Amino acid sequence: MDTNGMPQSPAGDWRSYERMLLPPIQDLHELNVYEEHGGYDRLRRVLEDDEFAPGDVTDAVKASGLTGRGGAGFPTGIKWTFMPEPDDRPRFIGVNADESEPGTFKDRQVMEYNPHLMLEGILLAGYALHIDTAYVYIRGEYTDWIVHLKKQLQKAYEAGYVGEDIMGSGFTMDIVLHKGAGAYICGEETSLMESLEGKRGYPRYKPPFPAQSGIFGSPTTINNAETLAHVPLIVEQGGEAYSNIGAGDMPGPALYGMSGHVKKPGVYEFPTGMPLTDLIHDVCGGMARDKAMKAFVPGGSSTPPIRAENIDGLTMNDESLGEVGSRTGTFCPLVLDEETDMVSFLRRVAHFYQDETCGQCTPCREGTSWLEKILARIDEGEGRMRDIDLLLELCDNMDGGRTICAFADGAVGPVRATVKRFRDEFAAKCQASVHPVSTDVSAGAESAVAATE
Amino acid sequence: MSSFDVQQPVVELPDQNPDPDFSDEELVWTSEEEAQIAAWKDQYPEDQAAIMKVLWLAQEKFGYLAPEVIQLCGDTLDMTFTQAYGVATFYHQYFKEEKGTYVFDVCTCFTCQVCGGYDILHYLEEKLGIHAGETTDDEMFTIQEAECLGACGSAPMMEITNGVYVHNLTPEKIDDLVESLRAGEVPSFTSMTLPQDEEELDGNRRTDVENTETYQTQPRGEHME
């Protein structure tokens, strides 16, 4: 690759990258096609090879440095080591395919185009952690994909890859699909467990952590659906080789779900650590309608937006995005062009959190609703200058461990960052309303003055 | 004075003892449904965990979850009414009141918002003559404003009655959709082509799906200009 003297990006030579999670193979979702391309061979190797102990799978995942792709980015191998030694209790794995983070639509592609890779990953994780039942929690909106996955799971059962005594090895594991019914909070791991138990999806206090007392009080690991689809690749390539793909702090391939004002939105597979400018201009064909860019939201609503002038040289990994006070989240960036009204954008973000808060903790229940009210007031042109600082003060009273789960932190992150980084836009909307509101508020102070005369 | 009112409207409490919409004769499971519920119970260590699946079944059977239907679901799994009602009211997709035959869940969350989701919503509202949250007089259509449905690449989009997704909406597409739904034709599943496949697989990754569509960025909505 011609680097033009520029430092090589962590994604390396991404133009010649060969896809692993969603390889370009027609009908890969069919079991027979998947088998032709080495499907379930990794599982067979692990189960039949006596030298491959369950702990070796965990060690490989640990060595690979795989981080969770669900948004928090916790190292998967370390999470697995939290599981206690097997005792007489049943053990569960919860597969988080709830995917409700706004802007995120990548797990769906794995479920549709390469479901057996995910199922194989679940089975490998089950073998590594001595788990007998996996619950795949899929959001209720994905009806078509649940039907699709059910069909493929049925085929895997019939072929003897799932169920009792898999491949004659004595390892038994069931996979159960659990359909959600439209609650964002159920993507939070303890809330997901409550929902699985047939209760309202209220997050639980931690500790006890899921590894000690999870679903039905048994040891549980919760992993994102895409994260588990990486596990067969790690077993195939070895942890060391896998850790050399992409950025050092969160290695491996990643599914980039590009959306917003780009010419070619959609899900792309590339190594982690993609330069943001390459993602927008080379991968997605540039900005839609050739407008200039205003903001870049790296991965879902709870990741702080970055101003367009700051994105040069940044790459899609936490280390790099951390320099400008953001993070990768779910690897599903939203690109906003110069015409976007950041106040109205943020008002919609706040509305989302207001709508989806479970209402268990007061700072979050009341705070999200006030965030929306204040933002609505500013957006309607009736805000006062002090409302901007009021927003920031409200944020300080919501996050930082004042609530049971991290939902409030997720709600506060974008508000704080957007207000700080685009303060001029908020101020402009507040100033226009010193006088009675004219029909043309956005024209600024001038039109407001005219309206009073 | 400011015309913007931040005060909450006074909320009227719902009727505490409404007349049941379903009679006792209707509120029974068929033997197939009972077998299905028994199979679901076996999937979990505790029966209560099957409540979400049973509520889904009830919603498909009765159309919506009236209190007596929730009671039936709770009784099936030895749960109290309060427990079952708590679950049914926590999740958006369980209908607690009667809806139209087709429920349009129009996504207006911010990705769809910046791609014109509100224009689609407003166009649909004007076309059907109702606001979001309401049902047409002929009980055919309900419009709802939905949070992110996880199809941001094909924004703006909507979901029809907790089922099929319709991507890359335009006013023309809505016209066709409403017309075909009036004729009883529900659109089938559409597979979205991944942009990387367009070059290597001519966009056709799944041969078992008739409808494939590519992602496209919609012209920006008028309300954003």
# chains A, B, ... in the order shown; residues from 1 in each chain; ligands from 1

$ select_by_dssp --residues "range 47-250 of chain A" --states "strand (DSSP E or B)" --output "mmCIF file with C-alpha atoms, in the first residue's frame"
data_model
loop_
_atom_site.group_PDB
_atom_site.id
_atom_site.type_symbol
_atom_site.label_atom_id
_atom_site.label_comp_id
_atom_site.auth_asym_id
_atom_site.auth_seq_id
_atom_site.Cartn_x
_atom_site.Cartn_y
_atom_site.Cartn_z
ATOM 1 C CA THR A 67 -12.734 -7.191 23.352
ATOM 2 C CA PRO A 75 -11.787 -8.077 27.235
ATOM 3 C CA PHE A 92 -25.458 -20.549 31.463
ATOM 4 C CA ILE A 93 -24.255 -18.322 28.717
ATOM 5 C CA GLY A 94 -26.414 -15.410 27.688
ATOM 6 C CA VAL A 95 -25.875 -14.312 24.101
ATOM 7 C CA ASN A 96 -26.717 -10.655 23.793
ATOM 8 C CA ALA A 97 -28.292 -10.074 20.391
ATOM 9 C CA THR A 133 -27.428 -24.083 28.119
ATOM 10 C CA ALA A 134 -27.133 -20.963 25.997
ATOM 11 C CA TYR A 135 -29.904 -18.393 25.816
ATOM 12 C CA VAL A 136 -29.775 -16.182 22.746
ATOM 13 C CA TYR A 137 -31.656 -13.013 23.619
ATOM 14 C CA ILE A 138 -32.752 -11.393 20.345
ATOM 15 C CA GLY A 163 -27.836 -30.989 21.629
ATOM 16 C CA MET A 173 -25.254 -28.168 25.094
ATOM 17 C CA ASP A 174 -28.628 -26.686 24.240
ATOM 18 C CA ILE A 175 -29.195 -23.365 22.513
ATOM 19 C CA VAL A 176 -32.493 -21.610 23.217
ATOM 20 C CA LEU A 177 -33.709 -18.554 21.337
ATOM 21 C CA HIS A 178 -35.426 -15.972 23.517
ATOM 22 C CA LYS A 179 -37.406 -13.251 21.818
ATOM 23 C CA THR A 220 -23.489 -16.938 33.878
ATOM 24 C CA THR A 221 -21.447 -15.265 31.185
ATOM 25 C CA ILE A 222 -23.052 -12.676 28.929
ATOM 26 C CA ASN A 223 -21.389 -12.003 25.587
ATOM 27 C CA ASN A 224 -22.397 -10.041 22.549
#

$ residues_around --residues "Tyr123 in chain B" --least-positions-apart "4" --cutoff "8 Å" --atoms "only C-alpha atoms" --output "PDB file with N, CA and C atoms, in the first residue's frame"
ATOM      1  N   ASP B 119     -40.109  13.295   8.122  1.00  0.00           N
ATOM      2  CA  ASP B 119     -40.875  13.596   6.915  1.00  0.00           C
ATOM      3  C   ASP B 119     -41.738  12.413   6.518  1.00  0.00           C
ATOM      4  N   LYS B 127     -51.396  11.384   5.113  1.00  0.00           N
ATOM      5  CA  LYS B 127     -52.047  10.462   4.171  1.00  0.00           C
ATOM      6  C   LYS B 127     -53.212   9.728   4.832  1.00  0.00           C
ATOM      7  N   PRO B 171     -41.913   8.860  -0.101  1.00  0.00           N
ATOM      8  CA  PRO B 171     -43.374   9.020  -0.188  1.00  0.00           C
ATOM      9  C   PRO B 171     -44.009   8.069  -1.208  1.00  0.00           C
TER      10      PRO B 171
END

$ closest_residue --among "A:Arg423, A:Arg365, A:Arg91, A:Lys79" --to "chain B" --atoms "only C-alpha atoms"
A:Arg91

$ closest_residue --among "A:Pro275, A:Pro251, A:Gly286, A:Gly38" --to "Asp312 in chain A" --atoms "only C-alpha atoms"
A:Pro275

$ closest_atom_pairs --of "range 110-228 of chain A" --to "range 93-104 of chain B" --cutoff "10 Å" --atoms "only C-alpha atoms" --output "JSON lines"
{"residue": "A:Gly140", "atom": "CA", "partner": "B:Gln93", "partner_atom": "CA", "distance": 7.5}
{"residue": "A:Glu141", "atom": "CA", "partner": "B:Gln93", "partner_atom": "CA", "distance": 8.1}
{"residue": "A:Gly180", "atom": "CA", "partner": "B:Gln93", "partner_atom": "CA", "distance": 8.8}
{"residue": "A:Ala181", "atom": "CA", "partner": "B:Gln93", "partner_atom": "CA", "distance": 5.1}
{"residue": "A:Gly182", "atom": "CA", "partner": "B:Gln93", "partner_atom": "CA", "distance": 5.5}
{"residue": "A:Ala183", "atom": "CA", "partner": "B:Gln93", "partner_atom": "CA", "distance": 8.4}

$ closest_atom_pairs --of "chain A" --to "chain B" --cutoff "8 Å" --atoms "only C-alpha atoms" --output "CSV"
residue,atom,partner,partner_atom,distance
A:Pro24,CA,B:Asp197,CA,6.4
A:Ile25,CA,B:Arg205,CA,7.1
A:Gln26,CA,B:Arg205,CA,4.7
A:Asp27,CA,B:Arg206,CA,4.9
A:Leu28,CA,B:Arg206,CA,7.9
A:His29,CA,B:Arg206,CA,7.9
A:Glu99,CA,B:Gly150,CA,7.1
A:Ser100,CA,B:Gly150,CA,6.6
A:Glu101,CA,B:Cys148,CA,7.5
A:Pro102,CA,B:Cys148,CA,5.1
A:Gly103,CA,B:Cys152,CA,5.6
A:Thr104,CA,B:Gly150,CA,5.8
A:Phe105,CA,B:Gly150,CA,4.7
A:Tyr113,CA,B:Arg206,CA,7.7
A:Gly140,CA,B:Gln93,CA,7.5
A:Glu141,CA,B:Asn162,CA,5.9
A:Tyr142,CA,B:Gly163,CA,7.5
A:Thr143,CA,B:Gly163,CA,5.6
A:Asp144,CA,B:Val164,CA,6.6
A:Val176,CA,B:Gln43,CA,7.0
A:His178,CA,B:Lys53,CA,7.8
A:Lys179,CA,B:Lys53,CA,7.1
A:Gly180,CA,B:Met52,CA,7.3
A:Ala181,CA,B:Gln93,CA,5.1
A:Gly182,CA,B:His92,CA,5.1
A:Ala183,CA,B:Tyr91,CA,5.6
A:Ser195,CA,B:Ala49,CA,8.0
A:Leu196,CA,B:Ala49,CA,5.9
A:Glu197,CA,B:Ala49,CA,4.3
A:Gly198,CA,B:Ala49,CA,3.9
A:Lys199,CA,B:Val87,CA,5.7
A:Arg200,CA,B:Val87,CA,4.9
A:Gly201,CA,B:Phe90,CA,7.3
A:Phe216,CA,B:Pro45,CA,7.7
A:Gly257,CA,B:Gly153,CA,7.2
A:Met258,CA,B:Gly153,CA,6.4
A:Ser259,CA,B:Gly153,CA,4.8
A:Gly260,CA,B:Thr111,CA,6.0
A:His261,CA,B:Thr217,CA,6.7
A:Val262,CA,B:Thr217,CA,6.8
A:Lys263,CA,B:Thr217,CA,6.2
A:Lys264,CA,B:Gln216,CA,6.2
A:Pro265,CA,B:Gly153,CA,5.2
A:Gly266,CA,B:Gly153,CA,4.8
A:Val267,CA,B:Leu194,CA,6.0
A:Tyr268,CA,B:Gln196,CA,6.4
A:Ala288,CA,B:Thr217,CA,7.1
A:Leu334,CA,B:Thr111,CA,7.2
A:Leu336,CA,B:Val114,CA,7.8
A:Glu339,CA,B:Glu225,CA,7.1
A:Thr340,CA,B:Val114,CA,7.0
A:Asp341,CA,B:Met224,CA,7.4
A:Phe345,CA,B:Phe110,CA,6.3
A:Arg348,CA,B:Phe110,CA,5.9
A:Val349,CA,B:Phe110,CA,6.4
A:Phe352,CA,B:Glu147,CA,6.6
A:Lys373,CA,B:Val6,CA,6.9
A:Arg377,CA,B:Phe4,CA,7.1
A:Glu382,CA,B:Phe4,CA,6.9
A:Pro436,CA,B:Ser2,CA,7.7

$ residues_around --residues "range 294-307 of chain A" --least-positions-apart "4" --cutoff "7 Å" --atoms "only C-alpha atoms" --output "MDAnalysis selection string"
chainID A and resid 101:104 326:338 349 410:411 413:414 417:418

$ atom_distance --atom1 "CA of Leu47 in chain A" --atom2 "CA of Ile234 in chain A"
15.4 Å

$ select_by_dssp --residues "range 287-376 of chain A" --states "helix (DSSP H, G or I)" --output "PyMOL selection string"
chain A and resi 288-290+308-310+318-322+342-356+362-376
